[in-house]
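Asks: Pasting a structure here, questions to come.
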Amino acid sequence: MKKYLLSIALLVAGVIGAKAQVSVGAKAGVTFSKINTNDLKESSITGYQVGGFARFGSDWFLQPELYLGSSGGKFESDDNTYSGKVRFTTLNVPVLIGKSFGQESLNLHLAAGPVYSAILSDSRSFGQNVGDAFRNYKSSALGFQAGGGVDIGNITVDLRYEGGLTKVSDSFDQRQSLWALSVGYKFF
């Protein structure tokens, strides 16, 4: 599956890149994430993201990114006998297809696409009654991102939602979701 997504992304990048401009930049932002579970109450935690992006095209564009991020969540049972918190450090690779509305120096844009997240590390704190149910996290996850933003000159601001397509753990059907607000600067 990963090979197919990469092949499609490279093909689209080649077609768009042959006809249009290329922008490269850096971005940083804040995330608000939680881990959705069955039968438990969830709450979000605040994290970060920092990395880079390339944008191929202007009207329609392809935007692959690579950034380091922090995400996770808190959870507890209805009777408060199970509780815990987990925080992941991830390397994220979204490949977004987008559409710009407006002029090159001032425009709104919408974008969506898949994201692959490699979990580099995790830190966990659990209540005494949790046991092994929350100790078996996977090393990667696949999800999707969708959102929009504004470009003002070389500055770009994005607000996105990310949903989990695969589980980060099979225990309690755990899937990660997050909101990300980021600011970027296009070097060229």
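All residue names refer to the structure tokens as shown: chains lettered A, B, ... in order, residues numbered from 1 in each chain, ligands numbered from 1 in order.
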Env of Gly25 of chain A: 12 Å cut, atoms = only C-alpha atoms, seq-sep filter 6 positions within chain, self excluded. Answer as a list in words.

Replies: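 Listed by chain and then number, they are Val50, Gly51, Gly52, Phe53, Ala54, Arg55, Phe56, Gln63, Pro64, Glu65, Leu66, Tyr67, Asn154, Ile155, Thr156, Val183, Gly184, Tyr185, Lys186, Phe187 and Phe188 of chain A.
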
Asks: Can you write just those residues out, N, CA, C and O atoms, as a PDB file, in the first residue's frame?

Replies:
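New file again-v1.pdb:
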```pdb
ATOM      1  N   VAL A  50       7.019  20.299  13.819  1.00  0.00           N
ATOM      2  CA  VAL A  50       8.029  21.160  13.202  1.00  0.00           C
ATOM      3  C   VAL A  50       8.682  20.379  12.062  1.00  0.00           C
ATOM      4  O   VAL A  50       9.010  19.207  12.215  1.00  0.00           O
ATOM      5  N   GLY A  51       8.812  21.037  10.893  1.00  0.00           N
ATOM      6  CA  GLY A  51       9.399  20.356   9.756  1.00  0.00           C
ATOM      7  C   GLY A  51       9.378  21.195   8.509  1.00  0.00           C
ATOM      8  O   GLY A  51       9.419  22.430   8.574  1.00  0.00           O
ATOM      9  N   GLY A  52       9.273  20.530   7.361  1.00  0.00           N
ATOM     10  CA  GLY A  52       9.322  21.222   6.091  1.00  0.00           C
ATOM     11  C   GLY A  52       8.297  20.698   5.111  1.00  0.00           C
ATOM     12  O   GLY A  52       7.684  19.653   5.327  1.00  0.00           O
ATOM     13  N   PHE A  53       8.114  21.450   4.020  1.00  0.00           N
ATOM     14  CA  PHE A  53       7.161  21.068   2.982  1.00  0.00           C
ATOM     15  C   PHE A  53       7.657  21.548   1.628  1.00  0.00           C
ATOM     16  O   PHE A  53       8.509  22.430   1.532  1.00  0.00           O
ATOM     17  N   ALA A  54       7.111  20.954   0.590  1.00  0.00           N
ATOM     18  CA  ALA A  54       7.325  21.413  -0.781  1.00  0.00           C
ATOM     19  C   ALA A  54       5.941  21.506  -1.421  1.00  0.00           C
ATOM     20  O   ALA A  54       5.073  20.681  -1.150  1.00  0.00           O
ATOM     21  N   ARG A  55       5.737  22.526  -2.220  1.00  0.00           N
ATOM     22  CA  ARG A  55       4.456  22.691  -2.911  1.00  0.00           C
ATOM     23  C   ARG A  55       4.736  22.778  -4.408  1.00  0.00           C
ATOM     24  O   ARG A  55       5.456  23.646  -4.858  1.00  0.00           O
ATOM     25  N   PHE A  56       4.146  21.830  -5.158  1.00  0.00           N
ATOM     26  CA  PHE A  56       4.310  21.759  -6.601  1.00  0.00           C
ATOM     27  C   PHE A  56       3.014  22.221  -7.244  1.00  0.00           C
ATOM     28  O   PHE A  56       1.989  21.558  -7.110  1.00  0.00           O
ATOM     29  N   GLN A  63       1.384  18.767  -2.241  1.00  0.00           N
ATOM     30  CA  GLN A  63       2.224  19.252  -1.142  1.00  0.00           C
ATOM     31  C   GLN A  63       2.655  18.093  -0.251  1.00  0.00           C
ATOM     32  O   GLN A  63       1.969  17.734   0.697  1.00  0.00           O
ATOM     33  N   PRO A  64       3.827  17.507  -0.523  1.00  0.00           N
ATOM     34  CA  PRO A  64       4.382  16.531   0.420  1.00  0.00           C
ATOM     35  C   PRO A  64       5.064  17.276   1.571  1.00  0.00           C
ATOM     36  O   PRO A  64       5.601  18.369   1.382  1.00  0.00           O
ATOM     37  N   GLU A  65       5.033  16.669   2.743  1.00  0.00           N
ATOM     38  CA  GLU A  65       5.634  17.275   3.931  1.00  0.00           C
ATOM     39  C   GLU A  65       6.403  16.218   4.709  1.00  0.00           C
ATOM     40  O   GLU A  65       6.168  15.017   4.562  1.00  0.00           O
ATOM     41  N   LEU A  66       7.285  16.684   5.555  1.00  0.00           N
ATOM     42  CA  LEU A  66       8.015  15.822   6.483  1.00  0.00           C
ATOM     43  C   LEU A  66       8.198  16.625   7.757  1.00  0.00           C
ATOM     44  O   LEU A  66       8.784  17.711   7.720  1.00  0.00           O
ATOM     45  N   TYR A  67       7.652  16.121   8.863  1.00  0.00           N
ATOM     46  CA  TYR A  67       7.810  16.859  10.108  1.00  0.00           C
ATOM     47  C   TYR A  67       7.792  15.934  11.320  1.00  0.00           C
ATOM     48  O   TYR A  67       7.261  14.839  11.283  1.00  0.00           O
ATOM     49  N   ASN A 154       4.945  35.088   1.446  1.00  0.00           N
ATOM     50  CA  ASN A 154       5.684  33.851   1.726  1.00  0.00           C
ATOM     51  C   ASN A 154       5.215  33.131   2.987  1.00  0.00           C
ATOM     52  O   ASN A 154       5.714  32.060   3.307  1.00  0.00           O
ATOM     53  N   ILE A 155       4.276  33.707   3.709  1.00  0.00           N
ATOM     54  CA  ILE A 155       3.774  33.097   4.948  1.00  0.00           C
ATOM     55  C   ILE A 155       2.523  32.277   4.639  1.00  0.00           C
ATOM     56  O   ILE A 155       1.639  32.716   3.907  1.00  0.00           O
ATOM     57  N   THR A 156       2.462  31.087   5.206  1.00  0.00           N
ATOM     58  CA  THR A 156       1.302  30.228   5.045  1.00  0.00           C
ATOM     59  C   THR A 156       0.824  29.776   6.425  1.00  0.00           C
ATOM     60  O   THR A 156       1.632  29.455   7.306  1.00  0.00           O
ATOM     61  N   VAL A 183       2.116  27.436  11.216  1.00  0.00           N
ATOM     62  CA  VAL A 183       2.557  28.603  10.457  1.00  0.00           C
ATOM     63  C   VAL A 183       3.817  28.197   9.718  1.00  0.00           C
ATOM     64  O   VAL A 183       4.717  27.568  10.300  1.00  0.00           O
ATOM     65  N   GLY A 184       3.879  28.553   8.429  1.00  0.00           N
ATOM     66  CA  GLY A 184       5.039  28.200   7.624  1.00  0.00           C
ATOM     67  C   GLY A 184       5.578  29.393   6.870  1.00  0.00           C
ATOM     68  O   GLY A 184       4.914  30.424   6.733  1.00  0.00           O
ATOM     69  N   TYR A 185       6.798  29.229   6.378  1.00  0.00           N
ATOM     70  CA  TYR A 185       7.438  30.257   5.576  1.00  0.00           C
ATOM     71  C   TYR A 185       7.996  29.611   4.318  1.00  0.00           C
ATOM     72  O   TYR A 185       8.773  28.652   4.408  1.00  0.00           O
ATOM     73  N   LYS A 186       7.591  30.119   3.149  1.00  0.00           N
ATOM     74  CA  LYS A 186       8.087  29.615   1.863  1.00  0.00           C
ATOM     75  C   LYS A 186       9.377  30.350   1.523  1.00  0.00           C
ATOM     76  O   LYS A 186       9.378  31.566   1.358  1.00  0.00           O
ATOM     77  N   PHE A 187      10.476  29.605   1.442  1.00  0.00           N
ATOM     78  CA  PHE A 187      11.770  30.199   1.128  1.00  0.00           C
ATOM     79  C   PHE A 187      11.839  30.663  -0.324  1.00  0.00           C
ATOM     80  O   PHE A 187      12.462  31.646  -0.638  1.00  0.00           O
ATOM     81  N   PHE A 188      11.218  29.896  -1.217  1.00  0.00           N
ATOM     82  CA  PHE A 188      11.122  30.274  -2.636  1.00  0.00           C
ATOM     83  C   PHE A 188       9.951  29.588  -3.255  1.00  0.00           C
ATOM     84  O   PHE A 188       9.350  28.727  -2.697  1.00  0.00           O
TER      85      PHE A 188
END
```

Asks: Using only C-alpha atoms, pick whichever of A:Ser58, A:Gln145, A:Ser83, A:Thr89 has the shortest atom-to-atom distance to Leu106 of chain A.

Replies: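 Selected residue with least distance to Leu106 of chain A: A:Ser58.
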
Asks: Pick out each residue of segment 37-161 of chain A that DSSP on the backbone tags as strand (DSSP E or B); I need them as a PyMOL selection string.

Replies: chain A and resi 41-43+45-56+60-76+83-102+106-126+140-152+155-161

Asks: For Asn92 of chain A, work out the shell of residues within 9 Å, counting only C-alpha atoms and skipping chain neighbours fewer than 4 positions away, then give it as a VMD selection string.

Replies: chain A and resid 65 to 69 115 to 119

Asks: Mind dumping the selected residues with all heavy atoms as a PDB file, in the first residue's frame?

Replies:
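Writing the result to part01.pdb gives the following:
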```pdb
ATOM      1  N   GLU A  65       5.033  16.669   2.743  1.00  0.00           N
ATOM      2  CA  GLU A  65       5.634  17.275   3.931  1.00  0.00           C
ATOM      3  C   GLU A  65       6.403  16.218   4.709  1.00  0.00           C
ATOM      4  O   GLU A  65       6.168  15.017   4.562  1.00  0.00           O
ATOM      5  CB  GLU A  65       4.556  17.866   4.843  1.00  0.00           C
ATOM      6  CG  GLU A  65       3.735  18.946   4.204  1.00  0.00           C
ATOM      7  CD  GLU A  65       2.661  19.506   5.123  1.00  0.00           C
ATOM      8  OE1 GLU A  65       2.423  18.947   6.220  1.00  0.00           O
ATOM      9  OE2 GLU A  65       2.066  20.515   4.736  1.00  0.00           O
ATOM     10  N   LEU A  66       7.285  16.684   5.555  1.00  0.00           N
ATOM     11  CA  LEU A  66       8.015  15.822   6.483  1.00  0.00           C
ATOM     12  C   LEU A  66       8.198  16.625   7.757  1.00  0.00           C
ATOM     13  O   LEU A  66       8.784  17.711   7.720  1.00  0.00           O
ATOM     14  CB  LEU A  66       9.377  15.425   5.905  1.00  0.00           C
ATOM     15  CG  LEU A  66      10.261  14.547   6.801  1.00  0.00           C
ATOM     16  CD1 LEU A  66       9.645  13.169   6.984  1.00  0.00           C
ATOM     17  CD2 LEU A  66      11.649  14.426   6.191  1.00  0.00           C
ATOM     18  N   TYR A  67       7.652  16.121   8.863  1.00  0.00           N
ATOM     19  CA  TYR A  67       7.810  16.859  10.108  1.00  0.00           C
ATOM     20  C   TYR A  67       7.792  15.934  11.320  1.00  0.00           C
ATOM     21  O   TYR A  67       7.261  14.839  11.283  1.00  0.00           O
ATOM     22  CB  TYR A  67       6.761  17.965  10.256  1.00  0.00           C
ATOM     23  CG  TYR A  67       5.331  17.506  10.232  1.00  0.00           C
ATOM     24  CD1 TYR A  67       4.686  17.066  11.384  1.00  0.00           C
ATOM     25  CD2 TYR A  67       4.606  17.538   9.052  1.00  0.00           C
ATOM     26  CE1 TYR A  67       3.365  16.661  11.351  1.00  0.00           C
ATOM     27  CE2 TYR A  67       3.294  17.140   9.014  1.00  0.00           C
ATOM     28  CZ  TYR A  67       2.676  16.701  10.163  1.00  0.00           C
ATOM     29  OH  TYR A  67       1.364  16.294  10.133  1.00  0.00           O
ATOM     30  N   LEU A  68       8.434  16.410  12.358  1.00  0.00           N
ATOM     31  CA  LEU A  68       8.473  15.743  13.650  1.00  0.00           C
ATOM     32  C   LEU A  68       7.306  16.272  14.466  1.00  0.00           C
ATOM     33  O   LEU A  68       7.043  17.478  14.464  1.00  0.00           O
ATOM     34  CB  LEU A  68       9.795  16.060  14.345  1.00  0.00           C
ATOM     35  CG  LEU A  68      10.146  15.273  15.595  1.00  0.00           C
ATOM     36  CD1 LEU A  68      10.336  13.802  15.261  1.00  0.00           C
ATOM     37  CD2 LEU A  68      11.414  15.832  16.216  1.00  0.00           C
ATOM     38  N   GLY A  69       6.599  15.392  15.144  1.00  0.00           N
ATOM     39  CA  GLY A  69       5.434  15.829  15.905  1.00  0.00           C
ATOM     40  C   GLY A  69       5.306  15.130  17.238  1.00  0.00           C
ATOM     41  O   GLY A  69       5.952  14.118  17.514  1.00  0.00           O
ATOM     42  N   VAL A 115      -1.625  10.439   5.333  1.00  0.00           N
ATOM     43  CA  VAL A 115      -0.453  10.723   6.153  1.00  0.00           C
ATOM     44  C   VAL A 115       0.041   9.410   6.761  1.00  0.00           C
ATOM     45  O   VAL A 115      -0.746   8.613   7.256  1.00  0.00           O
ATOM     46  CB  VAL A 115      -0.738  11.777   7.255  1.00  0.00           C
ATOM     47  CG1 VAL A 115      -1.853  11.340   8.174  1.00  0.00           C
ATOM     48  CG2 VAL A 115       0.526  12.095   8.053  1.00  0.00           C
ATOM     49  N   TYR A 116       1.334   9.197   6.663  1.00  0.00           N
ATOM     50  CA  TYR A 116       1.987   8.056   7.307  1.00  0.00           C
ATOM     51  C   TYR A 116       2.745   8.582   8.513  1.00  0.00           C
ATOM     52  O   TYR A 116       3.497   9.552   8.403  1.00  0.00           O
ATOM     53  CB  TYR A 116       2.949   7.364   6.334  1.00  0.00           C
ATOM     54  CG  TYR A 116       3.757   6.279   6.986  1.00  0.00           C
ATOM     55  CD1 TYR A 116       3.190   5.040   7.278  1.00  0.00           C
ATOM     56  CD2 TYR A 116       5.079   6.494   7.343  1.00  0.00           C
ATOM     57  CE1 TYR A 116       3.928   4.050   7.893  1.00  0.00           C
ATOM     58  CE2 TYR A 116       5.828   5.509   7.956  1.00  0.00           C
ATOM     59  CZ  TYR A 116       5.249   4.282   8.229  1.00  0.00           C
ATOM     60  OH  TYR A 116       5.966   3.306   8.857  1.00  0.00           O
ATOM     61  N   SER A 117       2.552   7.963   9.663  1.00  0.00           N
ATOM     62  CA  SER A 117       3.222   8.386  10.902  1.00  0.00           C
ATOM     63  C   SER A 117       4.025   7.223  11.469  1.00  0.00           C
ATOM     64  O   SER A 117       3.461   6.180  11.805  1.00  0.00           O
ATOM     65  CB  SER A 117       2.199   8.846  11.936  1.00  0.00           C
ATOM     66  OG  SER A 117       1.482   9.952  11.461  1.00  0.00           O
ATOM     67  N   ALA A 118       5.328   7.420  11.561  1.00  0.00           N
ATOM     68  CA  ALA A 118       6.199   6.444  12.216  1.00  0.00           C
ATOM     69  C   ALA A 118       6.351   6.882  13.671  1.00  0.00           C
ATOM     70  O   ALA A 118       6.747   8.017  13.941  1.00  0.00           O
ATOM     71  CB  ALA A 118       7.555   6.393  11.532  1.00  0.00           C
ATOM     72  N   ILE A 119       6.011   6.002  14.588  1.00  0.00           N
ATOM     73  CA  ILE A 119       6.105   6.317  16.013  1.00  0.00           C
ATOM     74  C   ILE A 119       7.544   6.057  16.453  1.00  0.00           C
ATOM     75  O   ILE A 119       8.002   4.917  16.483  1.00  0.00           O
ATOM     76  CB  ILE A 119       5.083   5.505  16.823  1.00  0.00           C
ATOM     77  CG1 ILE A 119       3.670   5.872  16.368  1.00  0.00           C
ATOM     78  CG2 ILE A 119       5.262   5.751  18.315  1.00  0.00           C
ATOM     79  CD1 ILE A 119       2.563   5.041  16.972  1.00  0.00           C
TER      80      ILE A 119
END
```

Asks: Counting only C-alpha atoms, what is within 12 Å of Phe101 of chain A, bar same-chain residues fewer than 2 positions away, as a PDB file with N, CA and C atoms, in the first residue's frame?

Replies:
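The result, written out as part11.pdb:
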```pdb
ATOM      1  N   SER A  58       0.435  25.817  -8.496  1.00  0.00           N
ATOM      2  CA  SER A  58      -0.094  27.039  -7.893  1.00  0.00           C
ATOM      3  C   SER A  58      -1.604  26.969  -7.741  1.00  0.00           C
ATOM      4  N   ASP A  59      -2.354  26.781  -8.842  1.00  0.00           N
ATOM      5  CA  ASP A  59      -3.811  26.690  -8.759  1.00  0.00           C
ATOM      6  C   ASP A  59      -4.205  25.368  -8.081  1.00  0.00           C
ATOM      7  N   TRP A  60      -3.894  24.259  -8.706  1.00  0.00           N
ATOM      8  CA  TRP A  60      -3.959  22.937  -8.087  1.00  0.00           C
ATOM      9  C   TRP A  60      -2.532  22.597  -7.683  1.00  0.00           C
ATOM     10  N   PHE A  61      -2.347  21.992  -6.519  1.00  0.00           N
ATOM     11  CA  PHE A  61      -0.986  21.715  -6.088  1.00  0.00           C
ATOM     12  C   PHE A  61      -0.894  20.377  -5.368  1.00  0.00           C
ATOM     13  N   GLY A  98      -4.166  19.847  -3.170  1.00  0.00           N
ATOM     14  CA  GLY A  98      -4.918  21.027  -2.780  1.00  0.00           C
ATOM     15  C   GLY A  98      -5.319  21.916  -3.935  1.00  0.00           C
ATOM     16  N   LYS A  99      -6.156  22.884  -3.595  1.00  0.00           N
ATOM     17  CA  LYS A  99      -6.657  23.867  -4.553  1.00  0.00           C
ATOM     18  C   LYS A  99      -6.559  25.241  -3.912  1.00  0.00           C
ATOM     19  N   GLN A 103      -5.171  35.121  -5.647  1.00  0.00           N
ATOM     20  CA  GLN A 103      -3.919  35.439  -6.326  1.00  0.00           C
ATOM     21  C   GLN A 103      -2.760  34.713  -5.657  1.00  0.00           C
ATOM     22  N   GLU A 104      -1.619  34.733  -6.312  1.00  0.00           N
ATOM     23  CA  GLU A 104      -0.457  34.035  -5.773  1.00  0.00           C
ATOM     24  C   GLU A 104       0.008  34.632  -4.449  1.00  0.00           C
ATOM     25  N   SER A 105      -0.045  35.955  -4.305  1.00  0.00           N
ATOM     26  CA  SER A 105       0.453  36.605  -3.093  1.00  0.00           C
ATOM     27  C   SER A 105      -0.566  36.625  -1.952  1.00  0.00           C
ATOM     28  N   LEU A 106      -1.832  36.367  -2.241  1.00  0.00           N
ATOM     29  CA  LEU A 106      -2.871  36.309  -1.213  1.00  0.00           C
ATOM     30  C   LEU A 106      -3.948  35.339  -1.679  1.00  0.00           C
ATOM     31  N   ASN A 107      -4.023  34.176  -1.018  1.00  0.00           N
ATOM     32  CA  ASN A 107      -5.023  33.202  -1.428  1.00  0.00           C
ATOM     33  C   ASN A 107      -5.439  32.314  -0.265  1.00  0.00           C
ATOM     34  N   LEU A 108      -6.589  31.726  -0.414  1.00  0.00           N
ATOM     35  CA  LEU A 108      -7.071  30.678   0.480  1.00  0.00           C
ATOM     36  C   LEU A 108      -6.802  29.349  -0.204  1.00  0.00           C
ATOM     37  N   HIS A 109      -6.584  28.315   0.575  1.00  0.00           N
ATOM     38  CA  HIS A 109      -6.369  27.000  -0.018  1.00  0.00           C
ATOM     39  C   HIS A 109      -7.032  25.919   0.824  1.00  0.00           C
ATOM     40  N   LEU A 110      -7.436  24.852   0.152  1.00  0.00           N
ATOM     41  CA  LEU A 110      -7.961  23.638   0.768  1.00  0.00           C
ATOM     42  C   LEU A 110      -7.061  22.492   0.343  1.00  0.00           C
ATOM     43  N   ALA A 111      -6.843  21.537   1.238  1.00  0.00           N
ATOM     44  CA  ALA A 111      -5.966  20.408   0.918  1.00  0.00           C
ATOM     45  C   ALA A 111      -6.398  19.174   1.716  1.00  0.00           C
ATOM     46  N   GLY A 148      -7.608  23.580   5.620  1.00  0.00           N
ATOM     47  CA  GLY A 148      -7.448  24.741   4.766  1.00  0.00           C
ATOM     48  C   GLY A 148      -6.522  25.743   5.404  1.00  0.00           C
ATOM     49  N   GLY A 149      -6.299  26.815   4.666  1.00  0.00           N
ATOM     50  CA  GLY A 149      -5.417  27.836   5.176  1.00  0.00           C
ATOM     51  C   GLY A 149      -5.386  29.046   4.286  1.00  0.00           C
ATOM     52  N   VAL A 150      -4.439  29.902   4.571  1.00  0.00           N
ATOM     53  CA  VAL A 150      -4.265  31.135   3.819  1.00  0.00           C
ATOM     54  C   VAL A 150      -2.778  31.348   3.567  1.00  0.00           C
ATOM     55  N   ASP A 151      -2.459  31.837   2.372  1.00  0.00           N
ATOM     56  CA  ASP A 151      -1.093  32.230   2.013  1.00  0.00           C
ATOM     57  C   ASP A 151      -1.071  33.735   1.865  1.00  0.00           C
TER      58      ASP A 151
END
```

Asks: Identify, on the basis of only C-alpha atoms, every residue whose closest approach to Leu142 of chain A does not exceed 12 Å; exclude the query and any residue fewer than 6 positions from it along the same chain; express the result as a PyMOL selection string.

Replies: chain A and resi 1-2+5+90-95+113-119+162-168+175-177

Asks: Pull C-alpha atoms from the residues just selected and write them as an mmCIF file, in the first residue's frame.

Replies:
```cif
data_model
loop_
_atom_site.group_PDB
_atom_site.id
_atom_site.type_symbol
_atom_site.label_atom_id
_atom_site.label_comp_id
_atom_site.auth_asym_id
_atom_site.auth_seq_id
_atom_site.Cartn_x
_atom_site.Cartn_y
_atom_site.Cartn_z
ATOM 1 C CA MET A 1 0.000 0.000 0.000
ATOM 2 C CA LYS A 2 2.813 2.409 0.901
ATOM 3 C CA LEU A 5 0.808 5.790 -2.498
ATOM 4 C CA THR A 90 6.276 10.771 15.513
ATOM 5 C CA LEU A 91 7.838 11.349 12.123
ATOM 6 C CA ASN A 92 4.940 12.289 9.817
ATOM 7 C CA VAL A 93 4.795 12.184 6.028
ATOM 8 C CA PRO A 94 1.562 13.646 4.605
ATOM 9 C CA VAL A 95 1.026 13.906 0.847
ATOM 10 C CA GLY A 113 -4.556 13.485 1.558
ATOM 11 C CA PRO A 114 -3.014 10.518 3.352
ATOM 12 C CA VAL A 115 -0.453 10.723 6.153
ATOM 13 C CA TYR A 116 1.987 8.056 7.307
ATOM 14 C CA SER A 117 3.222 8.386 10.902
ATOM 15 C CA ALA A 118 6.199 6.444 12.216
ATOM 16 C CA ILE A 119 6.105 6.317 16.013
ATOM 17 C CA GLU A 162 -6.107 14.341 11.102
ATOM 18 C CA GLY A 163 -7.985 11.086 11.566
ATOM 19 C CA GLY A 164 -6.610 7.603 12.067
ATOM 20 C CA LEU A 165 -7.310 4.995 9.395
ATOM 21 C CA THR A 166 -5.365 2.307 11.266
ATOM 22 C CA LYS A 167 -5.281 1.555 14.976
ATOM 23 C CA VAL A 168 -2.333 2.598 17.135
ATOM 24 C CA ARG A 175 -7.239 5.338 16.931
ATOM 25 C CA GLN A 176 -5.553 8.699 17.070
ATOM 26 C CA SER A 177 -7.101 11.991 15.919
#
```

Asks: Given only C-alpha atoms as the basis, pick out the residue of A:Gln174, A:Ser140, A:Leu62, A:Ser77 nearest to Gln21 of chain A.

Replies: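 The closest residue to Gln21 of chain A is A:Leu62.
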
Asks: Please compute the atom CA of Ser43 of chain A-atom CA of Phe75 of chain A distance, one decimal, in Å.

Replies: 6.2 Å
